[in-house]
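Visitor: Below is the file protein02.cif, which contains mmCIF, C-alpha atoms.
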```
data_data
#
loop_
_atom_site.label_atom_id
_atom_site.label_comp_id
_atom_site.auth_asym_id
_atom_site.auth_seq_id
_atom_site.Cartn_x
_atom_site.Cartn_y
_atom_site.Cartn_z
CA MET R 1 90.59 127.00 89.98
CA THR R 2 88.21 124.45 88.52
CA ALA R 3 86.84 121.38 90.24
CA ARG R 4 88.42 118.01 89.50
CA THR R 5 84.89 116.71 89.16
CA THR R 6 81.51 117.94 90.32
CA ARG R 7 80.02 114.47 90.04
CA LEU R 8 78.29 113.16 93.15
CA ASP R 9 75.35 110.76 93.22
CA ASP R 10 72.16 112.59 94.24
CA ARG R 11 71.29 109.78 96.63
CA VAL R 12 74.60 110.22 98.44
CA ARG R 13 74.19 114.00 98.61
CA SER R 14 70.61 113.70 99.85
CA ALA R 15 71.36 111.03 102.48
CA LEU R 16 74.34 112.96 103.86
CA ARG R 17 72.21 116.10 104.05
CA THR R 18 69.64 114.11 106.03
CA VAL R 19 72.33 112.86 108.41
CA GLY R 20 73.56 116.42 108.96
CA ALA R 21 70.06 117.85 109.41
CA ALA R 22 69.18 115.19 111.99
CA ALA R 23 72.47 115.81 113.79
CA LYS R 24 71.89 119.56 113.96
CA ARG R 25 68.30 119.13 115.10
CA GLY R 26 69.36 116.75 117.88
CA LEU R 27 72.17 119.02 119.02
CA GLY R 28 69.77 121.94 119.19
CA ASP R 29 72.45 124.65 119.23
CA ALA R 30 72.89 126.35 115.87
CA ASP R 31 75.78 128.57 117.00
CA LEU R 32 77.77 125.67 118.35
CA ALA R 33 77.00 123.67 115.20
CA GLU R 34 78.67 126.38 113.07
CA LEU R 35 81.72 126.57 115.37
CA VAL R 36 82.18 122.81 115.18
CA GLN R 37 81.75 122.68 111.40
CA ILE R 38 84.17 125.55 110.85
CA ARG R 39 86.82 124.09 113.17
CA ALA R 40 86.69 120.67 111.48
CA SER R 41 86.91 122.34 108.06
CA GLN R 42 89.99 124.27 109.22
CA LEU R 43 91.70 121.05 110.31
CA ASN R 44 90.76 119.30 107.06
CA HIS R 45 91.75 122.32 104.92
CA CYS R 46 88.40 122.41 103.14
CA ALA R 47 88.18 125.78 101.37
CA PHE R 48 84.67 125.20 100.09
CA CYS R 49 83.33 124.24 103.54
CA LEU R 50 85.15 127.12 105.27
CA ASP R 51 83.72 129.59 102.80
CA MET R 52 80.22 128.19 103.20
CA HIS R 53 80.16 127.91 107.00
CA LEU R 54 82.04 131.13 107.75
CA GLY R 55 79.63 132.86 105.38
CA LEU R 56 76.63 131.35 107.16
CA ALA R 57 78.05 132.20 110.56
CA ARG R 58 78.85 135.80 109.59
CA GLU R 59 75.53 136.47 107.92
CA GLN R 60 73.24 134.74 110.36
CA GLY R 61 75.52 133.97 113.26
CA VAL R 62 74.66 136.75 115.63
CA GLY R 63 71.01 135.86 115.55
CA MET R 64 71.34 132.13 115.18
CA GLY R 65 70.15 130.46 118.35
CA VAL R 66 71.12 133.46 120.45
CA PRO R 67 68.37 135.08 122.51
CA PRO R 68 68.04 138.84 121.76
CA ALA R 69 69.44 139.78 125.18
CA GLU R 70 72.70 137.97 124.42
CA ARG R 71 73.26 139.27 120.91
CA SER R 72 75.97 141.61 122.07
CA ARG R 73 78.38 138.67 121.96
CA ASP R 74 81.02 139.50 119.43
CA TRP R 75 80.42 136.72 116.96
CA GLY R 76 82.97 138.02 114.43
CA ARG R 77 85.73 138.02 117.00
CA ARG R 78 84.80 134.47 118.02
CA LEU R 79 85.19 133.34 114.42
CA ASP R 80 88.54 135.14 114.13
CA LEU R 81 89.84 133.38 117.23
CA LEU R 82 88.35 129.96 116.59
CA ALA R 83 91.56 128.45 115.17
CA ALA R 84 93.30 129.41 118.45
CA TRP R 85 90.39 128.67 120.78
CA GLU R 86 92.62 127.03 123.40
CA GLU R 87 94.55 130.28 123.83
CA ALA R 88 91.54 132.56 123.47
CA GLY R 89 90.63 132.76 127.15
CA GLU R 90 86.98 133.40 127.91
CA VAL R 91 85.94 133.99 124.30
CA PHE R 92 84.64 130.41 124.33
CA ASP R 93 82.81 129.02 127.34
CA ALA R 94 83.48 125.64 128.96
CA ARG R 95 80.76 123.86 126.99
CA GLU R 96 82.06 125.22 123.68
CA ARG R 97 85.62 124.32 124.63
CA ALA R 98 84.57 120.76 125.43
CA ALA R 99 82.83 120.52 122.04
CA LEU R 100 85.81 121.99 120.19
CA ALA R 101 88.26 119.62 121.92
CA LEU R 102 86.02 116.71 120.90
CA THR R 103 85.82 118.07 117.34
CA GLU R 104 89.59 118.13 117.08
CA ALA R 105 90.09 114.65 118.58
CA VAL R 106 87.43 113.09 116.36
CA THR R 107 88.72 114.89 113.25
CA VAL R 108 92.42 114.12 113.66
CA LEU R 109 91.75 110.41 114.06
CA THR R 110 94.73 109.04 112.13
CA GLU R 111 97.08 110.25 114.86
CA GLY R 112 95.26 108.11 117.35
CA PHE R 113 91.97 107.65 119.19
CA VAL R 114 89.84 110.04 121.22
CA PRO R 115 91.49 110.57 124.64
CA ASP R 116 89.46 109.71 127.76
CA GLU R 117 89.83 113.21 129.17
CA VAL R 118 88.48 114.78 125.97
CA TYR R 119 85.54 112.38 125.87
CA GLU R 120 84.79 112.79 129.58
CA GLN R 121 84.92 116.57 129.35
CA ALA R 122 82.37 116.45 126.52
CA ALA R 123 80.21 113.96 128.44
CA ALA R 124 80.24 116.34 131.42
CA HIS R 125 78.76 119.18 129.33
CA PHE R 126 76.39 117.30 127.03
CA GLU R 127 73.81 114.73 127.98
CA GLU R 128 74.00 111.47 126.03
CA ALA R 129 71.52 112.30 123.26
CA GLU R 130 73.14 115.72 122.69
CA LEU R 131 76.56 114.11 122.66
CA ALA R 132 75.47 111.49 120.10
CA HIS R 133 74.20 114.28 117.82
CA LEU R 134 77.29 116.43 118.37
CA LEU R 135 79.41 113.46 117.35
CA ALA R 136 77.16 112.89 114.34
CA LEU R 137 77.66 116.50 113.29
CA ILE R 138 81.45 116.20 113.58
CA ALA R 139 81.36 112.96 111.57
CA THR R 140 79.11 114.56 108.93
CA ILE R 141 81.25 117.64 108.35
CA ASN R 142 84.25 115.33 108.10
CA ALA R 143 82.44 113.52 105.28
CA TRP R 144 81.59 116.78 103.48
CA ASN R 145 85.20 117.95 103.90
CA ARG R 146 86.37 114.75 102.20
CA LEU R 147 83.87 114.99 99.37
CA MET R 148 84.86 118.60 98.65
CA VAL R 149 88.64 118.34 99.07
CA ALA R 150 88.94 115.12 97.07
CA ARG R 151 86.93 116.63 94.18
CA ARG R 152 88.60 120.04 94.72
CA ILE R 153 85.34 121.96 94.68
CA PRO R 154 86.35 125.65 94.63
CA ALA R 155 85.28 127.97 97.44
CA GLY R 156 82.01 129.65 96.55
CA SER R 157 81.18 127.17 93.80
CA THR R 158 77.49 126.68 93.12
CA GLN R 159 78.09 123.22 91.65
CA TRP R 160 79.04 120.66 94.25
CA MET N 1 85.25 88.33 125.00
CA THR N 2 83.75 86.36 122.16
CA THR N 3 86.31 85.30 119.60
CA THR N 4 86.52 82.48 117.13
CA THR N 5 89.85 81.18 118.47
CA ASP N 6 90.01 77.86 120.32
CA ASP N 7 91.98 78.95 123.34
CA THR N 8 89.65 81.55 124.88
CA LYS N 9 88.96 79.31 127.85
CA THR N 10 92.62 78.80 128.73
CA THR N 11 94.13 82.20 127.85
CA ALA N 12 93.61 85.18 130.12
CA TYR N 13 92.89 88.04 127.73
CA ALA N 14 92.59 91.61 128.92
CA ALA N 15 89.08 92.70 129.82
CA GLU N 16 86.89 94.14 127.05
CA PRO N 17 86.61 97.90 127.60
CA PRO N 18 83.07 99.19 128.12
CA VAL N 19 81.33 101.02 125.28
CA ARG N 20 81.28 104.79 125.92
CA LEU N 21 78.02 105.60 124.21
CA ASN N 22 75.31 103.65 122.38
CA TRP N 23 75.04 106.46 119.86
CA SER N 24 72.54 104.82 117.50
CA GLU N 25 70.02 104.45 120.34
CA HIS N 26 70.41 108.12 121.22
CA ALA N 27 70.32 109.31 117.61
CA PRO N 28 68.05 106.84 115.76
CA GLU N 29 67.27 109.28 112.92
CA VAL N 30 70.95 109.82 112.29
CA TYR N 31 71.54 106.08 112.29
CA LYS N 32 68.74 105.48 109.82
CA ALA N 33 70.07 108.15 107.49
CA MET N 34 73.61 106.75 107.83
CA LEU N 35 72.38 103.33 106.66
CA ARG N 36 70.72 105.00 103.66
CA LEU N 37 73.95 106.89 102.97
CA ASP N 38 75.97 103.69 103.12
CA THR N 39 73.65 101.95 100.68
CA ALA N 40 73.83 104.93 98.32
CA ALA N 41 77.63 105.09 98.44
CA ARG N 42 78.26 101.43 97.67
CA ARG N 43 76.11 101.34 94.52
CA GLY N 44 78.12 100.46 91.44
CA LEU N 45 81.30 99.53 93.32
CA ASP N 46 82.79 96.04 93.25
CA PRO N 47 82.04 94.48 96.69
CA LYS N 48 85.61 93.24 97.20
CA LEU N 49 87.09 96.62 96.30
CA TYR N 50 84.56 98.28 98.57
CA GLU N 51 85.67 96.13 101.52
CA LEU N 52 89.37 96.78 100.84
CA VAL N 53 88.65 100.51 100.96
CA LYS N 54 86.68 100.12 104.19
CA ILE N 55 89.40 98.01 105.82
CA ARG N 56 92.25 100.36 104.82
CA ALA N 57 90.44 103.48 106.07
CA SER N 58 89.57 101.68 109.31
CA GLN N 59 93.22 100.72 109.77
CA LEU N 60 94.32 104.36 109.34
CA ASN N 61 91.61 105.60 111.69
CA HIS N 62 92.26 102.79 114.20
CA CYS N 63 88.62 101.70 114.29
CA ALA N 64 88.63 98.23 115.88
CA PHE N 65 84.88 97.73 115.51
CA CYS N 66 84.98 98.61 111.80
CA LEU N 67 87.98 96.33 111.22
CA ASP N 68 86.09 93.47 112.85
CA MET N 69 83.08 94.10 110.64
CA HIS N 70 84.81 94.70 107.32
CA THR N 71 87.41 91.96 107.52
CA LYS N 72 84.58 89.51 108.21
CA ASP N 73 82.43 91.00 105.43
CA ALA N 74 85.41 90.82 103.06
CA LEU N 75 85.97 87.14 103.84
CA ALA N 76 82.26 86.51 103.37
CA ALA N 77 82.47 88.25 99.97
CA GLY N 78 85.18 85.81 98.92
CA GLU N 79 88.25 87.90 99.74
CA SER N 80 91.45 86.02 100.61
CA VAL N 81 93.08 86.10 104.04
CA GLU N 82 96.40 86.97 102.38
CA ARG N 83 95.10 90.09 100.67
CA ILE N 84 93.47 91.27 103.90
CA VAL N 85 96.65 90.66 105.90
CA GLN N 86 98.88 92.36 103.33
CA LEU N 87 96.69 95.44 103.04
CA GLY N 88 98.42 97.22 105.92
CA ALA N 89 101.70 97.02 103.94
CA TRP N 90 100.24 97.31 100.43
CA GLU N 91 103.09 99.48 99.15
CA GLU N 92 105.41 96.51 99.68
CA SER N 93 102.92 93.91 98.48
CA ARG N 94 101.57 95.52 95.35
CA HIS N 95 101.53 92.21 93.47
CA PHE N 96 98.62 91.04 95.62
CA TYR N 97 96.37 93.72 94.11
CA THR N 98 95.29 94.98 90.69
CA GLU N 99 96.45 98.42 89.50
CA LYS N 100 92.85 99.57 89.84
CA GLU N 101 92.68 98.38 93.45
CA LEU N 102 96.01 100.07 94.20
CA ALA N 103 94.75 103.36 92.79
CA ALA N 104 91.67 103.05 95.02
CA ILE N 105 93.77 102.23 98.10
CA GLU N 106 96.07 105.20 97.46
CA LEU N 107 93.10 107.50 97.08
CA THR N 108 91.62 106.06 100.28
CA GLU N 109 94.78 106.98 102.18
CA ALA N 110 94.97 110.51 100.78
CA VAL N 111 91.31 111.25 101.47
CA THR N 112 91.46 109.69 104.95
CA VAL N 113 94.63 111.42 106.19
CA LEU N 114 93.26 114.82 105.27
CA THR N 115 94.62 116.78 108.22
CA ASP N 116 98.17 116.32 106.88
CA GLY N 117 97.08 118.13 103.76
CA PHE N 118 94.98 117.78 100.62
CA VAL N 119 94.71 115.01 98.03
CA PRO N 120 97.80 115.07 95.76
CA ASP N 121 97.23 115.54 92.01
CA GLU N 122 99.10 112.34 91.12
CA VAL N 123 96.97 110.28 93.50
CA TYR N 124 93.77 111.74 92.08
CA ALA N 125 94.98 111.40 88.49
CA LYS N 126 95.83 107.73 88.99
CA ALA N 127 92.38 107.06 90.41
CA ALA N 128 90.76 109.00 87.57
CA ALA N 129 92.70 106.87 85.07
CA HIS N 130 91.26 103.65 86.50
CA PHE N 131 87.73 104.72 87.39
CA GLU N 132 85.29 106.46 85.08
CA GLU N 133 83.72 109.61 86.50
CA ALA N 134 80.54 108.17 88.04
CA GLU N 135 82.40 105.22 89.57
CA LEU N 136 85.09 107.56 90.92
CA ALA N 137 82.38 109.68 92.56
CA GLN N 138 81.08 106.51 94.22
CA LEU N 139 84.59 105.57 95.36
CA ILE N 140 85.12 109.02 96.90
CA SER N 141 81.70 108.76 98.54
CA ALA N 142 82.53 105.32 99.95
CA ILE N 143 85.78 106.65 101.43
CA ALA N 144 83.95 109.60 103.01
CA VAL N 145 81.28 107.30 104.42
CA ILE N 146 83.65 104.80 106.06
CA ASN N 147 85.47 107.78 107.57
CA THR N 148 82.14 108.76 109.11
CA TRP N 149 81.50 105.26 110.53
CA ASN N 150 85.07 105.14 111.86
CA ARG N 151 84.41 108.33 113.82
CA PHE N 152 81.33 106.85 115.47
CA GLY N 153 83.14 103.59 116.20
CA VAL N 154 86.28 105.09 117.72
CA THR N 155 84.62 107.89 119.70
CA CYS N 156 81.95 105.62 121.17
CA ARG N 157 84.53 102.85 121.67
CA MET N 158 82.29 100.30 120.00
CA ALA N 159 83.48 96.81 120.90
CA PRO N 160 85.01 94.59 118.20
CA GLY N 161 84.74 90.82 118.20
CA HIS N 162 80.99 90.36 118.12
CA TYR N 163 80.14 91.02 114.49
CA ARG N 164 78.66 88.30 112.31
CA PRO N 165 78.89 88.77 108.52
CA GLY N 166 75.67 90.03 106.99
CA GLN N 167 74.35 91.13 110.38
CA HIS N 168 73.39 94.54 109.03
CA GLY N 169 71.97 93.20 105.77
#
```
Please go through the file and, once you have read it, give me the structure as structure tokens.

Guide:
Amino acid sequence: MTARTTRLDDRVRSALRTVGAAAKRGLGDADLAELVQIRASQLNHCAFCLDMHLGLAREQGVGMGVPPAERSRDWGRRLDLLAAWEEAGEVFDARERAALALTEAVTVLTEGFVPDEVYEQAAAHFEEAELAHLLALIATINAWNRLMVARRIPAGSTQW
Amino acid sequence: MTTTTDDTKTTAYAAEPPVRLNWSEHAPEVYKAMLRLDTAARRGLDPKLYELVKIRASQLNHCAFCLDMHTKDALAAGESVERIVQLGAWEESRHFYTEKELAAIELTEAVTVLTDGFVPDEVYAKAAAHFEEAELAQLISAIAVINTWNRFGVTCRMAPGHYRPGQHG
């Protein structure tokens, strides 16, 4: 499969990267950032973004943001079960579940709003600055998903 | 609520819901970069077309704050009330728009409603027939960027009704 176009203004690419970097820095949880970005990319059917973020999570995931004592967590299994996180029991903790529920609500916006219970659950687990950056990260991956799907950038492409 | 209608003093409107989160105050670096992104994405696009795209995406994403802003910006840019009103039913009011605008609106819908699946070849091809490659890249960028703003607006429940055209430069 070839891309429809690989054209993208450098200023757009650079500014969106800055938005994403600031969002990730403010969230301060690299593992959660990957879970959120992968889940949004699943919902938006972005092959390029799934390939990139699953690759990052698999290669670096176990060590990313996880203290050595906690590295026994089965990161691969968490990625396998991410698409069914609601049914995956204790594989995802309450904070992650709140973030994933928010990711889904904010991503599937055309079917209507972000429910109060979803927002409140997220607000219960994240303080306001963290929540603002979590939201920014969800919004940013949604933008990348759109840029890649619309231009049909193939998974694994080095030109995007 | 602040509106421009004459009967606000005599009509009992529902209360304005409180904002959930003043996100830009909590994430000033993100906000700054978003403004830079917005400026970068609108370069080379016709201002009226740009506002139509922003309004249509905001309708699909139900972003009241963004609708308030972009309908007012559209009017300030010389857009007609009729074309703004008809935009929600553009498939039945095609004669209000140019073929180029229609191609952009169709692409806006496909790229915005992504969770229902992909961007159809015919929609992309039509856009590619009306926009040369660099301009098309800007159009796609503009659609992605308004989708980002919509997500901030809806999630934080930013209040519509207070925007003044040109407020954000």

Visitor: With a distance threshold of 8 Å and counting all atoms listed in the file, extract the residues of chain R near chain N and express them as an MDAnalysis selection string.

Guide: chainID R and resid 5 7:9 11:12 15:16 18:20 22:23 26 43:45 106:114 119 128:129 132:133 135:136 139:140 142:144 146:147 149:150

Visitor: Kindly resolve the PyMOL selection byres ((chain R and resi 40) around 8) on the present coordinates and return the residues as JSON, numbers by chain.

Guide: {"R": [36, 37, 38, 39, 41, 42, 43, 44, 103, 104, 107, 138, 141, 142]}

Visitor: Just to confirm, what's the straight-line distance from atom CA of R:Leu27 to atom CA of R:Asn145 in Å (one decimal)?

Guide: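 Between atom CA of R:Leu27 and atom CA of R:Asn145 the gap works out to 20.0 Å.
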
Visitor: At what distance in Å, to one decimal, does atom CA of N:Glu91 lie from atom CA of N:Ala77?

Guide: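 Atom CA of N:Ala77 sits 23.5 Å away from atom CA of N:Glu91.
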
Visitor: Give me the residues near R:Arg4 as a short mmCIF file (atom, residue, chain, number, x, y, z; two decimals) with C-alpha atoms, in the frame of the given file, where near means some atom within 9 Å (using all atoms listed in the file) and where sequence neighbours in that chain fewer than 2 positions away do not count.

Guide:
```cif
data_model
loop_
_atom_site.label_atom_id
_atom_site.label_comp_id
_atom_site.auth_asym_id
_atom_site.auth_seq_id
_atom_site.Cartn_x
_atom_site.Cartn_y
_atom_site.Cartn_z
CA THR R 2 88.21 124.45 88.52
CA THR R 6 81.51 117.94 90.32
CA ALA R 150 88.94 115.12 97.07
CA ARG R 151 86.93 116.63 94.18
CA ARG R 152 88.60 120.04 94.72
CA ILE R 153 85.34 121.96 94.68
CA TYR N 124 93.77 111.74 92.08
#
```

Visitor: Would you compute the distance between atom CA of R:Trp75 and atom CA of R:Gly55? Give it in Å to one decimal.

Guide: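 Computed distance, atom CA of R:Trp75 to atom CA of R:Gly55, equals 12.2 Å.
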
Visitor: With all atoms listed in the file as the counted atoms, please give the residues lying no more than 6 Å from N:Ala64, apart from itself and same-chain residues fewer than 2 positions off, as a list in words.

Guide: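 Near N:Ala64, the qualifying residues are Cys66, Leu67 and Pro160 of chain N.
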
Visitor: Got time to write the residues from that selection, C-alpha atoms, as a PDB file, in the coordinates of the input?

Guide:
```
ATOM      1  CA  CYS N  66      84.980  98.610 111.800  1.00  0.00           C
ATOM      2  CA  LEU N  67      87.980  96.330 111.220  1.00  0.00           C
ATOM      3  CA  PRO N 160      85.010  94.590 118.200  1.00  0.00           C
TER       4      PRO N 160
END
```

Visitor: Mind checking which residues fall within 8 Å of stretch 82-98 of chain R, counting all atoms listed in the file, ignoring those fewer than 5 positions away in the same chain, and posting them as a list in words?

Guide: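 Counting all atoms listed in the file, the residues come to Leu32, Leu35, Arg39, Gln42, Val118, Gln121, Ala122, His125 and Phe126 of chain R.
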